[in-house]
file upload24.csv (CSV, C-alpha atoms)
chain,number,residue,atom,x,y,z
A,1,MET,CA,0.0,0.0,0.0
A,2,PRO,CA,1.6,3.4,-1.0
A,3,THR,CA,2.5,5.7,1.8
A,4,SER,CA,1.4,9.3,2.1
A,5,PRO,CA,4.7,10.7,0.5
A,6,ASP,CA,4.3,8.2,-2.3
A,7,LEU,CA,0.7,9.4,-2.9
A,8,ASP,CA,1.9,13.0,-2.9
A,9,ARG,CA,4.6,12.3,-5.5
A,10,GLN,CA,2.1,10.4,-7.7
A,11,ASN,CA,-0.5,13.1,-7.5
A,12,ALA,CA,1.9,16.0,-8.0
A,13,PRO,CA,1.6,16.3,-11.8
A,14,ASP,CA,-2.2,16.3,-11.5
A,15,ARG,CA,-2.1,19.1,-8.9
A,16,ARG,CA,0.2,21.1,-11.1
A,17,ARG,CA,-2.3,20.7,-14.0
A,18,ALA,CA,-5.1,21.8,-11.7
A,19,SER,CA,-3.2,24.8,-10.5
A,20,ALA,CA,-2.5,25.8,-14.1
A,21,VAL,CA,-6.1,25.4,-15.1
A,22,GLU,CA,-7.2,27.4,-12.1
A,23,ALA,CA,-4.6,30.1,-12.8
A,24,ALA,CA,-5.8,30.3,-16.4
A,25,GLY,CA,-9.3,31.1,-15.2
A,26,LEU,CA,-11.2,28.8,-17.5
A,27,PRO,CA,-14.8,29.9,-18.1
A,28,ARG,CA,-17.4,28.5,-15.7
A,29,VAL,CA,-20.6,26.8,-16.8
A,30,PRO,CA,-23.5,29.2,-16.6
A,31,GLY,CA,-25.5,28.7,-13.5
A,32,ARG,CA,-29.2,28.9,-12.8
A,33,ALA,CA,-28.9,32.6,-12.0
A,34,SER,CA,-27.7,33.4,-15.5
A,35,SER,CA,-30.0,31.1,-17.4
A,36,GLY,CA,-32.6,33.8,-17.8
A,37,CYS,CA,-30.1,36.2,-19.2
A,38,LEU,CA,-28.8,33.6,-21.6
A,39,ALA,CA,-32.3,32.9,-22.8
A,40,LEU,CA,-32.8,36.6,-23.5
A,41,LEU,CA,-29.5,36.7,-25.4
A,42,ILE,CA,-30.9,34.1,-27.7
A,43,GLY,CA,-34.6,34.8,-27.7
A,44,LEU,CA,-34.7,38.5,-28.2
A,45,PRO,CA,-32.1,38.7,-31.0
A,46,ALA,CA,-33.8,35.7,-32.7
A,47,LEU,CA,-37.2,37.4,-32.5
A,48,LEU,CA,-35.8,40.7,-33.8
A,49,PHE,CA,-34.1,38.9,-36.6
A,50,SER,CA,-37.3,37.2,-37.6
A,51,LEU,CA,-39.2,40.5,-37.6
A,52,ILE,CA,-36.6,42.2,-39.8
A,53,THR,CA,-36.5,39.2,-42.2
A,54,TRP,CA,-40.3,39.3,-42.4
A,55,GLN,CA,-40.2,43.0,-43.3
A,56,VAL,CA,-37.6,42.4,-46.0
A,57,VAL,CA,-39.3,39.4,-47.6
A,58,GLY,CA,-42.8,41.1,-47.4
A,59,HIS,CA,-41.6,44.6,-48.3
A,60,GLY,CA,-43.1,45.9,-45.0
A,61,PRO,CA,-43.3,49.5,-43.9
A,62,LEU,CA,-40.0,49.2,-41.9
A,63,LEU,CA,-38.1,49.3,-45.2
A,64,GLY,CA,-39.3,52.9,-45.7
A,65,ALA,CA,-37.5,54.0,-42.6
A,66,ASP,CA,-34.5,51.8,-43.6
A,67,ARG,CA,-34.2,53.7,-47.0
A,68,TRP,CA,-34.5,57.0,-45.3
A,69,VAL,CA,-31.7,56.3,-42.8
A,70,SER,CA,-29.6,55.0,-45.6
A,71,ARG,CA,-30.1,58.2,-47.7
A,72,GLU,CA,-29.1,60.3,-44.6
A,73,LEU,CA,-25.9,58.3,-43.9
A,74,VAL,CA,-24.5,57.2,-47.2
A,75,ARG,CA,-21.4,59.3,-48.0
A,76,PRO,CA,-18.9,57.0,-49.8
A,77,ASP,CA,-15.4,57.8,-49.0
A,78,ARG,CA,-12.1,56.0,-48.5
A,79,PHE,CA,-12.3,55.9,-44.7
A,80,SER,CA,-15.6,54.2,-44.7
A,81,GLU,CA,-14.3,51.7,-47.2
A,82,VAL,CA,-11.3,50.9,-45.0
A,83,LEU,CA,-13.6,50.3,-42.0
A,84,ALA,CA,-15.9,48.0,-44.1
A,85,ASP,CA,-12.8,46.0,-45.2
A,86,LEU,CA,-12.2,45.0,-41.6
A,87,GLY,CA,-15.2,42.6,-42.1
A,88,ASN,CA,-13.5,40.9,-45.1
A,89,VAL,CA,-12.8,37.2,-44.6
A,90,GLN,CA,-9.2,37.9,-45.5
A,91,VAL,CA,-8.9,40.2,-42.5
A,92,ALA,CA,-11.2,38.8,-39.8
A,93,VAL,CA,-10.5,35.0,-40.2
A,94,PRO,CA,-6.7,35.3,-39.9
A,95,VAL,CA,-7.2,37.2,-36.7
A,96,LEU,CA,-9.4,34.3,-35.4
A,97,VAL,CA,-6.8,31.8,-36.5
A,98,LEU,CA,-4.0,33.6,-34.7
A,99,VAL,CA,-6.1,33.8,-31.4
A,100,VAL,CA,-7.2,30.1,-31.7
A,101,GLY,CA,-3.6,29.0,-32.3
A,102,TYR,CA,-2.4,31.0,-29.3
A,103,VAL,CA,-5.2,29.6,-27.0
A,104,ALA,CA,-4.5,26.1,-28.1
A,105,TRP,CA,-0.8,26.5,-27.4
A,106,ARG,CA,-1.5,28.0,-24.0
A,107,GLY,CA,-3.8,25.2,-23.1
A,108,ARG,CA,-1.4,22.5,-24.2
A,109,CYS,CA,1.5,24.1,-22.3
A,110,ALA,CA,-0.7,24.3,-19.2
A,111,GLY,CA,-1.5,20.6,-19.4
A,112,VAL,CA,-5.2,21.1,-20.1
A,113,ARG,CA,-6.6,17.7,-21.1
A,114,TRP,CA,-9.0,19.1,-23.8
A,115,TRP,CA,-6.8,22.0,-24.9
A,116,TRP,CA,-8.3,21.8,-28.4
A,117,GLY,CA,-11.9,22.0,-27.3
A,118,ALA,CA,-12.5,25.8,-27.2
A,119,PRO,CA,-10.3,26.6,-30.2
A,120,GLY,CA,-12.0,23.8,-32.2
A,121,ALA,CA,-15.5,25.1,-31.3
A,122,ALA,CA,-14.6,28.6,-32.4
A,123,ALA,CA,-13.2,27.3,-35.7
A,124,VAL,CA,-16.3,25.2,-36.4
A,125,LEU,CA,-18.6,28.1,-35.8
A,126,MET,CA,-16.6,30.2,-38.2
A,127,ALA,CA,-16.7,27.4,-40.8
A,128,VAL,CA,-20.5,26.9,-40.6
A,129,LEU,CA,-21.3,30.7,-40.7
A,130,PRO,CA,-21.5,30.8,-44.6
A,131,ALA,CA,-23.9,27.8,-44.4
A,132,VAL,CA,-26.2,30.0,-42.4
A,133,VAL,CA,-25.8,33.4,-44.2
A,134,VAL,CA,-25.7,32.3,-47.8
A,135,PRO,CA,-29.1,30.5,-47.9
A,136,LEU,CA,-30.7,33.6,-46.3
A,137,LYS,CA,-29.2,35.8,-49.0
A,138,ASP,CA,-30.5,33.5,-51.7
A,139,TRP,CA,-34.0,33.3,-50.1
A,140,THR,CA,-34.5,37.1,-49.4
A,141,HIS,CA,-33.1,38.4,-52.7
A,142,ARG,CA,-32.7,41.9,-51.3
A,143,GLY,CA,-31.2,44.5,-53.7
A,144,GLY,CA,-28.5,46.9,-52.8
A,145,THR,CA,-28.5,50.6,-52.0
A,146,SER,CA,-28.5,53.4,-54.7
A,147,VAL,CA,-24.7,53.4,-54.9
A,148,MET,CA,-24.4,49.7,-55.5
A,149,PRO,CA,-24.8,48.0,-59.0
A,150,PRO,CA,-28.0,46.1,-59.8
A,151,GLY,CA,-28.2,42.7,-58.0
A,152,ASP,CA,-29.4,41.0,-54.9
A,153,GLY,CA,-28.2,39.0,-52.0
A,154,TYR,CA,-27.5,41.8,-49.6
A,155,PHE,CA,-29.5,40.5,-46.6
A,156,PRO,CA,-28.2,39.8,-44.1
A,157,SER,CA,-24.8,41.5,-44.2
A,158,GLY,CA,-22.1,38.9,-44.6
A,159,HIS,CA,-19.3,41.3,-43.7
A,160,THR,CA,-21.0,42.2,-40.5
A,161,ALA,CA,-21.6,38.6,-39.6
A,162,THR,CA,-18.0,37.7,-40.4
A,163,ALA,CA,-16.6,40.5,-38.2
A,164,ALA,CA,-19.0,39.8,-35.3
A,165,VAL,CA,-18.5,36.1,-35.3
A,166,ALA,CA,-14.7,36.0,-36.0
A,167,TYR,CA,-13.8,38.8,-33.6
A,168,GLY,CA,-16.4,37.6,-31.0
A,169,ALA,CA,-15.3,34.0,-31.1
A,170,ALA,CA,-11.7,35.1,-30.7
A,171,ALA,CA,-12.7,37.2,-27.7
A,172,LEU,CA,-14.6,34.3,-26.1
A,173,VAL,CA,-11.8,31.8,-26.3
A,174,LEU,CA,-9.2,34.4,-25.3
A,175,LEU,CA,-11.0,35.8,-22.2
A,176,PRO,CA,-10.3,32.8,-19.9
A,177,TRP,CA,-6.5,33.3,-20.4
A,178,VAL,CA,-6.6,37.0,-19.6
A,179,ARG,CA,-6.2,37.4,-15.8
A,180,SER,CA,-7.0,41.0,-15.0
A,181,ARG,CA,-10.5,42.3,-15.1
A,182,ARG,CA,-9.4,45.5,-16.9
A,183,ALA,CA,-7.7,43.5,-19.6
A,184,ARG,CA,-10.8,41.3,-20.1
A,185,GLY,CA,-12.9,44.5,-20.4
A,186,ALA,CA,-10.4,45.7,-23.0
A,187,VAL,CA,-10.8,42.5,-25.0
A,188,VAL,CA,-14.6,42.9,-25.1
A,189,ALA,CA,-14.3,46.6,-25.9
A,190,VAL,CA,-12.0,45.9,-28.9
A,191,TRP,CA,-14.5,43.3,-30.2
A,192,GLY,CA,-17.4,45.9,-29.9
A,193,VAL,CA,-15.4,48.7,-31.5
A,194,LEU,CA,-14.4,46.5,-34.4
A,195,VAL,CA,-17.9,45.3,-35.1
A,196,LEU,CA,-19.3,48.9,-34.8
A,197,ALA,CA,-16.5,50.2,-37.1
A,198,VAL,CA,-17.3,47.6,-39.8
A,199,SER,CA,-21.0,48.3,-39.5
A,200,TYR,CA,-20.6,52.0,-39.8
A,201,GLY,CA,-18.3,51.6,-42.8
A,202,LEU,CA,-20.7,49.3,-44.6
A,203,VAL,CA,-23.7,51.7,-44.2
A,204,ARG,CA,-21.6,54.9,-44.8
A,205,ARG,CA,-20.1,53.5,-47.9
A,206,GLY,CA,-23.5,52.2,-49.1
A,207,TYR,CA,-22.5,48.6,-49.3
A,208,HIS,CA,-25.5,47.6,-47.1
A,209,TRP,CA,-28.8,48.9,-45.8
A,210,PRO,CA,-28.9,49.5,-42.1
A,211,LEU,CA,-31.3,46.7,-41.6
A,212,ASP,CA,-28.9,44.3,-43.3
A,213,VAL,CA,-26.4,45.2,-40.6
A,214,VAL,CA,-28.8,45.1,-37.7
A,215,ALA,CA,-30.0,41.6,-38.7
A,216,SER,CA,-26.5,40.3,-38.8
A,217,TRP,CA,-26.0,41.7,-35.3
A,218,CYS,CA,-28.9,39.6,-34.1
A,219,LEU,CA,-27.9,36.5,-35.9
A,220,SER,CA,-24.3,36.8,-34.7
A,221,LEU,CA,-25.4,37.3,-31.1
A,222,VAL,CA,-27.4,34.1,-31.2
A,223,LEU,CA,-24.5,32.2,-32.6
A,224,LEU,CA,-21.9,33.6,-30.1
A,225,THR,CA,-24.3,32.8,-27.2
A,226,LEU,CA,-24.5,29.2,-28.4
A,227,LEU,CA,-20.7,29.1,-28.6
A,228,PHE,CA,-20.5,30.4,-25.0
A,229,LEU,CA,-22.9,27.7,-23.9
A,230,THR,CA,-20.7,25.2,-25.6
A,231,LEU,CA,-17.5,26.4,-24.0
A,232,GLY,CA,-19.0,26.0,-20.5
A,233,PRO,CA,-19.3,22.2,-20.4
A,234,LEU,CA,-15.9,21.9,-22.2
A,235,SER,CA,-14.2,24.0,-19.5
A,236,ARG,CA,-16.0,22.1,-16.6
A,237,SER,CA,-14.9,18.8,-18.0
A,238,THR,CA,-11.4,20.0,-18.5
A,239,CYS,CA,-11.2,21.3,-14.9
A,240,ARG,CA,-12.6,18.0,-13.6
A,241,ARG,CA,-10.2,15.9,-15.6
A,242,SER,CA,-7.2,18.1,-14.8
A,243,ALA,CA,-8.0,18.3,-11.1
A,244,GLY,CA,-6.5,14.8,-10.6
A,245,THR,CA,-8.9,13.2,-8.3
A,246,ALA,CA,-7.5,10.1,-6.7
A,247,SER,CA,-7.8,7.0,-8.9
A,248,ARG,CA,-8.6,3.5,-7.7
A,249,ARG,CA,-4.9,2.5,-7.9
A,250,THR,CA,-3.6,5.4,-5.8
A,251,GLY,CA,-6.5,6.2,-3.6
A,252,PRO,CA,-7.0,4.9,0.0
A,253,SER,CA,-7.8,1.2,0.1
call {"tool": "encode", "arguments": {"input": "upload24.csv", "output": "structure tokens"}}
result
Amino acid sequence: MPTSPDLDRQNAPDRRRASAVEAAGLPRVPGRASSGCLALLIGLPALLFSLITWQVVGHGPLLGADRWVSRELVRPDRFSEVLADLGNVQVAVPVLVLVVGYVAWRGRCAGVRWWWGAPGAAAVLMAVLPAVVVPLKDWTHRGGTSVMPPGDGYFPSGHTATAAVAYGAAALVLLPWVRSRRARGAVVAVWGVLVLAVSYGLVRRGYHWPLDVVASWCLSLVLLTLLFLTLGPLSRSTCRRSAGTASRRTGPS
């Protein structure tokens, strides 16, 4: 039967992994107190997205206000074009890839059992985003603004969705590895500023109607909330497996 010092030596690697996981501050599973908030983060955006889509497909009165706002805001210039380009796949996706790679490296170095879980979930969400947006574009057949050439497929805004999901997913997987509250706030703020910058650039340049952008906000918020809910069980399982509870072989007999 192993002595107490033997057990300490055998469990030392597990305790080190547990300390690393705790120091990393992996996200906790949402509790009952936050379930109502999470339901609102899914339900309200989904309801608003459905309303906007209904107005677009049925040419409802909301489109009149949409056209008026667009006429007031559209002033094509180079600055708005640069801001809109932040939502390009060639810009947003590489940022997500870099963050996902960093988080995976940090998790593996910390001895996290499922170090690939959160990065993999973020990558999968980004990969399936076109499968959600493109059919909606084909179904709604919405035309562009007055400064855009004839055509359709502008609803919802793919650039807005790309920016919101790519930068948002990057923020979600990065936050657990940021220790200070101020730094975490900065990560969230950068995500918000980037999404708003892309949205402003798209509307100002005339690439999209305002409702195209708002609808993508709603859709992206639903998808990011689902990603958050996915990351919770992954982190709980990781913490449980990395905590190193005594096994049958090393535990008390």
call {"tool": "residues_around", "arguments": {"input": "upload24.csv", "residues": "region 150-165 of chain A", "least_positions_apart": "6", "cutoff": "9 Å", "atoms": "only C-alpha atoms", "output": "PyMOL selection string"}}
result
chain A and resi 53+56+84-89+91-93+122+125-126+129-130+133-134+136-144+191-192+194-196+198-199+202+207-209+211-217+219-221+223-224
call {"tool": "write_last_selection", "arguments": {"input": "upload24.csv", "atoms": "C-alpha atoms", "output": "PDB file, keeping the file's coordinate frame"}}
result
ATOM      1  CA  THR A  53     -36.500  39.200 -42.200  1.00  0.00           C
ATOM      2  CA  VAL A  56     -37.600  42.400 -46.000  1.00  0.00           C
ATOM      3  CA  ALA A  84     -15.900  48.000 -44.100  1.00  0.00           C
ATOM      4  CA  ASP A  85     -12.800  46.000 -45.200  1.00  0.00           C
ATOM      5  CA  LEU A  86     -12.200  45.000 -41.600  1.00  0.00           C
ATOM      6  CA  GLY A  87     -15.200  42.600 -42.100  1.00  0.00           C
ATOM      7  CA  ASN A  88     -13.500  40.900 -45.100  1.00  0.00           C
ATOM      8  CA  VAL A  89     -12.800  37.200 -44.600  1.00  0.00           C
ATOM      9  CA  VAL A  91      -8.900  40.200 -42.500  1.00  0.00           C
ATOM     10  CA  ALA A  92     -11.200  38.800 -39.800  1.00  0.00           C
ATOM     11  CA  VAL A  93     -10.500  35.000 -40.200  1.00  0.00           C
ATOM     12  CA  ALA A 122     -14.600  28.600 -32.400  1.00  0.00           C
ATOM     13  CA  LEU A 125     -18.600  28.100 -35.800  1.00  0.00           C
ATOM     14  CA  MET A 126     -16.600  30.200 -38.200  1.00  0.00           C
ATOM     15  CA  LEU A 129     -21.300  30.700 -40.700  1.00  0.00           C
ATOM     16  CA  PRO A 130     -21.500  30.800 -44.600  1.00  0.00           C
ATOM     17  CA  VAL A 133     -25.800  33.400 -44.200  1.00  0.00           C
ATOM     18  CA  VAL A 134     -25.700  32.300 -47.800  1.00  0.00           C
ATOM     19  CA  LEU A 136     -30.700  33.600 -46.300  1.00  0.00           C
ATOM     20  CA  LYS A 137     -29.200  35.800 -49.000  1.00  0.00           C
ATOM     21  CA  ASP A 138     -30.500  33.500 -51.700  1.00  0.00           C
ATOM     22  CA  TRP A 139     -34.000  33.300 -50.100  1.00  0.00           C
ATOM     23  CA  THR A 140     -34.500  37.100 -49.400  1.00  0.00           C
ATOM     24  CA  HIS A 141     -33.100  38.400 -52.700  1.00  0.00           C
ATOM     25  CA  ARG A 142     -32.700  41.900 -51.300  1.00  0.00           C
ATOM     26  CA  GLY A 143     -31.200  44.500 -53.700  1.00  0.00           C
ATOM     27  CA  GLY A 144     -28.500  46.900 -52.800  1.00  0.00           C
ATOM     28  CA  TRP A 191     -14.500  43.300 -30.200  1.00  0.00           C
ATOM     29  CA  GLY A 192     -17.400  45.900 -29.900  1.00  0.00           C
ATOM     30  CA  LEU A 194     -14.400  46.500 -34.400  1.00  0.00           C
ATOM     31  CA  VAL A 195     -17.900  45.300 -35.100  1.00  0.00           C
ATOM     32  CA  LEU A 196     -19.300  48.900 -34.800  1.00  0.00           C
ATOM     33  CA  VAL A 198     -17.300  47.600 -39.800  1.00  0.00           C
ATOM     34  CA  SER A 199     -21.000  48.300 -39.500  1.00  0.00           C
ATOM     35  CA  LEU A 202     -20.700  49.300 -44.600  1.00  0.00           C
ATOM     36  CA  TYR A 207     -22.500  48.600 -49.300  1.00  0.00           C
ATOM     37  CA  HIS A 208     -25.500  47.600 -47.100  1.00  0.00           C
ATOM     38  CA  TRP A 209     -28.800  48.900 -45.800  1.00  0.00           C
ATOM     39  CA  LEU A 211     -31.300  46.700 -41.600  1.00  0.00           C
ATOM     40  CA  ASP A 212     -28.900  44.300 -43.300  1.00  0.00           C
ATOM     41  CA  VAL A 213     -26.400  45.200 -40.600  1.00  0.00           C
ATOM     42  CA  VAL A 214     -28.800  45.100 -37.700  1.00  0.00           C
ATOM     43  CA  ALA A 215     -30.000  41.600 -38.700  1.00  0.00           C
ATOM     44  CA  SER A 216     -26.500  40.300 -38.800  1.00  0.00           C
ATOM     45  CA  TRP A 217     -26.000  41.700 -35.300  1.00  0.00           C
ATOM     46  CA  LEU A 219     -27.900  36.500 -35.900  1.00  0.00           C
ATOM     47  CA  SER A 220     -24.300  36.800 -34.700  1.00  0.00           C
ATOM     48  CA  LEU A 221     -25.400  37.300 -31.100  1.00  0.00           C
ATOM     49  CA  LEU A 223     -24.500  32.200 -32.600  1.00  0.00           C
ATOM     50  CA  LEU A 224     -21.900  33.600 -30.100  1.00  0.00           C
TER      51      LEU A 224
END
call {"tool": "closest_atom_pairs", "arguments": {"input": "upload24.csv", "of": "region 110-202 of chain A", "to": "region 101-105 of chain A", "cutoff": "8 Å", "atoms": "only C-alpha atoms", "output": "Markdown table"}}
result
| residue | atom | partner | partner_atom | distance |
| --- | --- | --- | --- | --- |
| A:Trp115 | CA | A:Ala104 | CA | 5.7 |
| A:Trp116 | CA | A:Ala104 | CA | 5.7 |
| A:Pro119 | CA | A:Ala104 | CA | 6.2 |
| A:Val173 | CA | A:Val103 | CA | 7.0 |
| A:Leu174 | CA | A:Val103 | CA | 6.5 |
| A:Trp177 | CA | A:Val103 | CA | 7.7 |
call {"tool": "write_last_selection", "arguments": {"input": "upload24.csv", "atoms": "C-alpha atoms", "output": "mmCIF file, in the frame of the given file"}}
result
data_model
loop_
_atom_site.group_PDB
_atom_site.id
_atom_site.type_symbol
_atom_site.label_atom_id
_atom_site.label_comp_id
_atom_site.auth_asym_id
_atom_site.auth_seq_id
_atom_site.Cartn_x
_atom_site.Cartn_y
_atom_site.Cartn_z
ATOM 1 C CA TRP A 115 -6.800 22.000 -24.900
ATOM 2 C CA TRP A 116 -8.300 21.800 -28.400
ATOM 3 C CA PRO A 119 -10.300 26.600 -30.200
ATOM 4 C CA VAL A 173 -11.800 31.800 -26.300
ATOM 5 C CA LEU A 174 -9.200 34.400 -25.300
ATOM 6 C CA TRP A 177 -6.500 33.300 -20.400
#
call {"tool": "closest_residue", "arguments": {"input": "upload24.csv", "among": "A:Ala183, A:Val222, A:Val99, A:Ala197", "to": "Phe49 (chain A)", "atoms": "all atoms listed in the file"}}
result
A:Val222
call {"tool": "atom_distance", "arguments": {"input": "upload24.csv", "atom1": "CA of Val100 (chain A)", "atom2": "CA of Ala170 (chain A)"}}
result
6.8 Å
call {"tool": "atom_distance", "arguments": {"input": "upload24.csv", "atom1": "CA of Val95 (chain A)", "atom2": "CA of Ala123 (chain A)"}}
result
11.6 Å
call {"tool": "atom_distance", "arguments": {"input": "upload24.csv", "atom1": "CA of Val193 (chain A)", "atom2": "CA of Tyr167 (chain A)"}}
result
10.2 Å
call {"tool": "residues_around", "arguments": {"input": "upload24.csv", "residues": "Ala121 (chain A)", "least_positions_apart": "4", "cutoff": "8 Å", "atoms": "all atoms listed in the file", "output": "mmCIF file with C-alpha atoms, in the frame of the given file"}}
result
data_model
loop_
_atom_site.group_PDB
_atom_site.id
_atom_site.type_symbol
_atom_site.label_atom_id
_atom_site.label_comp_id
_atom_site.auth_asym_id
_atom_site.auth_seq_id
_atom_site.Cartn_x
_atom_site.Cartn_y
_atom_site.Cartn_z
ATOM 1 C CA GLY A 117 -11.900 22.000 -27.300
ATOM 2 C CA LEU A 125 -18.600 28.100 -35.800
ATOM 3 C CA LEU A 227 -20.700 29.100 -28.600
ATOM 4 C CA THR A 230 -20.700 25.200 -25.600
ATOM 5 C CA LEU A 231 -17.500 26.400 -24.000
#
call {"tool": "closest_residue", "arguments": {"input": "upload24.csv", "among": "A:Ala166, A:Val147, A:Ala46, A:Val74", "to": "Gln90 (chain A)", "atoms": "only C-alpha atoms"}}
result
A:Ala166
call {"tool": "decode", "arguments": {"input": "upload24.csv", "residues": "region 109-127 of chain A", "atoms": "N, CA, C and O atoms", "output": "PDB file, in the first residue's frame"}}
result
ATOM      1  N   CYS A 109       0.351  23.834 -23.224  1.00  0.00           N
ATOM      2  CA  CYS A 109       1.481  24.055 -22.327  1.00  0.00           C
ATOM      3  C   CYS A 109       1.059  23.978 -20.863  1.00  0.00           C
ATOM      4  O   CYS A 109       1.850  23.579 -19.998  1.00  0.00           O
ATOM      5  N   ALA A 110      -0.199  24.353 -20.563  1.00  0.00           N
ATOM      6  CA  ALA A 110      -0.692  24.317 -19.191  1.00  0.00           C
ATOM      7  C   ALA A 110      -1.127  22.914 -18.772  1.00  0.00           C
ATOM      8  O   ALA A 110      -1.516  22.714 -17.627  1.00  0.00           O
ATOM      9  N   GLY A 111      -1.080  21.970 -19.693  1.00  0.00           N
ATOM     10  CA  GLY A 111      -1.476  20.614 -19.357  1.00  0.00           C
ATOM     11  C   GLY A 111      -2.972  20.399 -19.352  1.00  0.00           C
ATOM     12  O   GLY A 111      -3.462  19.445 -18.735  1.00  0.00           O
ATOM     13  N   VAL A 112      -3.723  21.263 -20.044  1.00  0.00           N
ATOM     14  CA  VAL A 112      -5.169  21.105 -20.120  1.00  0.00           C
ATOM     15  C   VAL A 112      -5.484  19.878 -20.971  1.00  0.00           C
ATOM     16  O   VAL A 112      -4.954  19.722 -22.075  1.00  0.00           O
ATOM     17  N   ARG A 113      -6.351  19.006 -20.446  1.00  0.00           N
ATOM     18  CA  ARG A 113      -6.643  17.750 -21.136  1.00  0.00           C
ATOM     19  C   ARG A 113      -7.286  17.991 -22.498  1.00  0.00           C
ATOM     20  O   ARG A 113      -6.861  17.442 -23.506  1.00  0.00           O
ATOM     21  N   TRP A 114      -8.308  18.817 -22.524  1.00  0.00           N
ATOM     22  CA  TRP A 114      -9.002  19.120 -23.784  1.00  0.00           C
ATOM     23  C   TRP A 114      -8.593  20.508 -24.268  1.00  0.00           C
ATOM     24  O   TRP A 114      -9.432  21.389 -24.456  1.00  0.00           O
ATOM     25  N   TRP A 115      -7.309  20.708 -24.477  1.00  0.00           N
ATOM     26  CA  TRP A 115      -6.817  22.017 -24.886  1.00  0.00           C
ATOM     27  C   TRP A 115      -7.340  22.443 -26.247  1.00  0.00           C
ATOM     28  O   TRP A 115      -7.384  23.631 -26.571  1.00  0.00           O
ATOM     29  N   TRP A 116      -7.793  21.484 -27.040  1.00  0.00           N
ATOM     30  CA  TRP A 116      -8.265  21.783 -28.380  1.00  0.00           C
ATOM     31  C   TRP A 116      -9.775  22.072 -28.409  1.00  0.00           C
ATOM     32  O   TRP A 116     -10.316  22.445 -29.447  1.00  0.00           O
ATOM     33  N   GLY A 117     -10.463  21.912 -27.277  1.00  0.00           N
ATOM     34  CA  GLY A 117     -11.919  22.018 -27.257  1.00  0.00           C
ATOM     35  C   GLY A 117     -12.435  23.390 -27.638  1.00  0.00           C
ATOM     36  O   GLY A 117     -13.206  23.551 -28.603  1.00  0.00           O
ATOM     37  N   ALA A 118     -12.040  24.416 -26.890  1.00  0.00           N
ATOM     38  CA  ALA A 118     -12.520  25.776 -27.158  1.00  0.00           C
ATOM     39  C   ALA A 118     -12.050  26.295 -28.508  1.00  0.00           C
ATOM     40  O   ALA A 118     -12.854  26.836 -29.280  1.00  0.00           O
ATOM     41  N   PRO A 119     -10.751  26.153 -28.856  1.00  0.00           N
ATOM     42  CA  PRO A 119     -10.334  26.589 -30.195  1.00  0.00           C
ATOM     43  C   PRO A 119     -11.077  25.870 -31.307  1.00  0.00           C
ATOM     44  O   PRO A 119     -11.450  26.482 -32.321  1.00  0.00           O
ATOM     45  N   GLY A 120     -11.310  24.566 -31.133  1.00  0.00           N
ATOM     46  CA  GLY A 120     -12.028  23.815 -32.157  1.00  0.00           C
ATOM     47  C   GLY A 120     -13.460  24.279 -32.311  1.00  0.00           C
ATOM     48  O   GLY A 120     -13.976  24.390 -33.436  1.00  0.00           O
ATOM     49  N   ALA A 121     -14.136  24.582 -31.197  1.00  0.00           N
ATOM     50  CA  ALA A 121     -15.514  25.061 -31.269  1.00  0.00           C
ATOM     51  C   ALA A 121     -15.600  26.402 -31.986  1.00  0.00           C
ATOM     52  O   ALA A 121     -16.511  26.639 -32.797  1.00  0.00           O
ATOM     53  N   ALA A 122     -14.653  27.292 -31.715  1.00  0.00           N
ATOM     54  CA  ALA A 122     -14.645  28.590 -32.397  1.00  0.00           C
ATOM     55  C   ALA A 122     -14.400  28.430 -33.895  1.00  0.00           C
ATOM     56  O   ALA A 122     -15.040  29.100 -34.716  1.00  0.00           O
ATOM     57  N   ALA A 123     -13.493  27.529 -34.246  1.00  0.00           N
ATOM     58  CA  ALA A 123     -13.211  27.302 -35.667  1.00  0.00           C
ATOM     59  C   ALA A 123     -14.404  26.702 -36.391  1.00  0.00           C
ATOM     60  O   ALA A 123     -14.717  27.075 -37.532  1.00  0.00           O
ATOM     61  N   VAL A 124     -15.095  25.781 -35.740  1.00  0.00           N
ATOM     62  CA  VAL A 124     -16.275  25.163 -36.351  1.00  0.00           C
ATOM     63  C   VAL A 124     -17.367  26.207 -36.583  1.00  0.00           C
ATOM     64  O   VAL A 124     -18.013  26.243 -37.639  1.00  0.00           O
ATOM     65  N   LEU A 125     -17.591  27.085 -35.600  1.00  0.00           N
ATOM     66  CA  LEU A 125     -18.601  28.126 -35.759  1.00  0.00           C
ATOM     67  C   LEU A 125     -18.282  29.023 -36.945  1.00  0.00           C
ATOM     68  O   LEU A 125     -19.178  29.358 -37.734  1.00  0.00           O
ATOM     69  N   MET A 126     -17.024  29.391 -37.083  1.00  0.00           N
ATOM     70  CA  MET A 126     -16.635  30.244 -38.207  1.00  0.00           C
ATOM     71  C   MET A 126     -16.822  29.515 -39.527  1.00  0.00           C
ATOM     72  O   MET A 126     -17.221  30.112 -40.537  1.00  0.00           O
ATOM     73  N   ALA A 127     -16.571  28.222 -39.534  1.00  0.00           N
ATOM     74  CA  ALA A 127     -16.682  27.446 -40.767  1.00  0.00           C
ATOM     75  C   ALA A 127     -18.134  27.283 -41.214  1.00  0.00           C
ATOM     76  O   ALA A 127     -18.412  27.242 -42.417  1.00  0.00           O
TER      77      ALA A 127
END
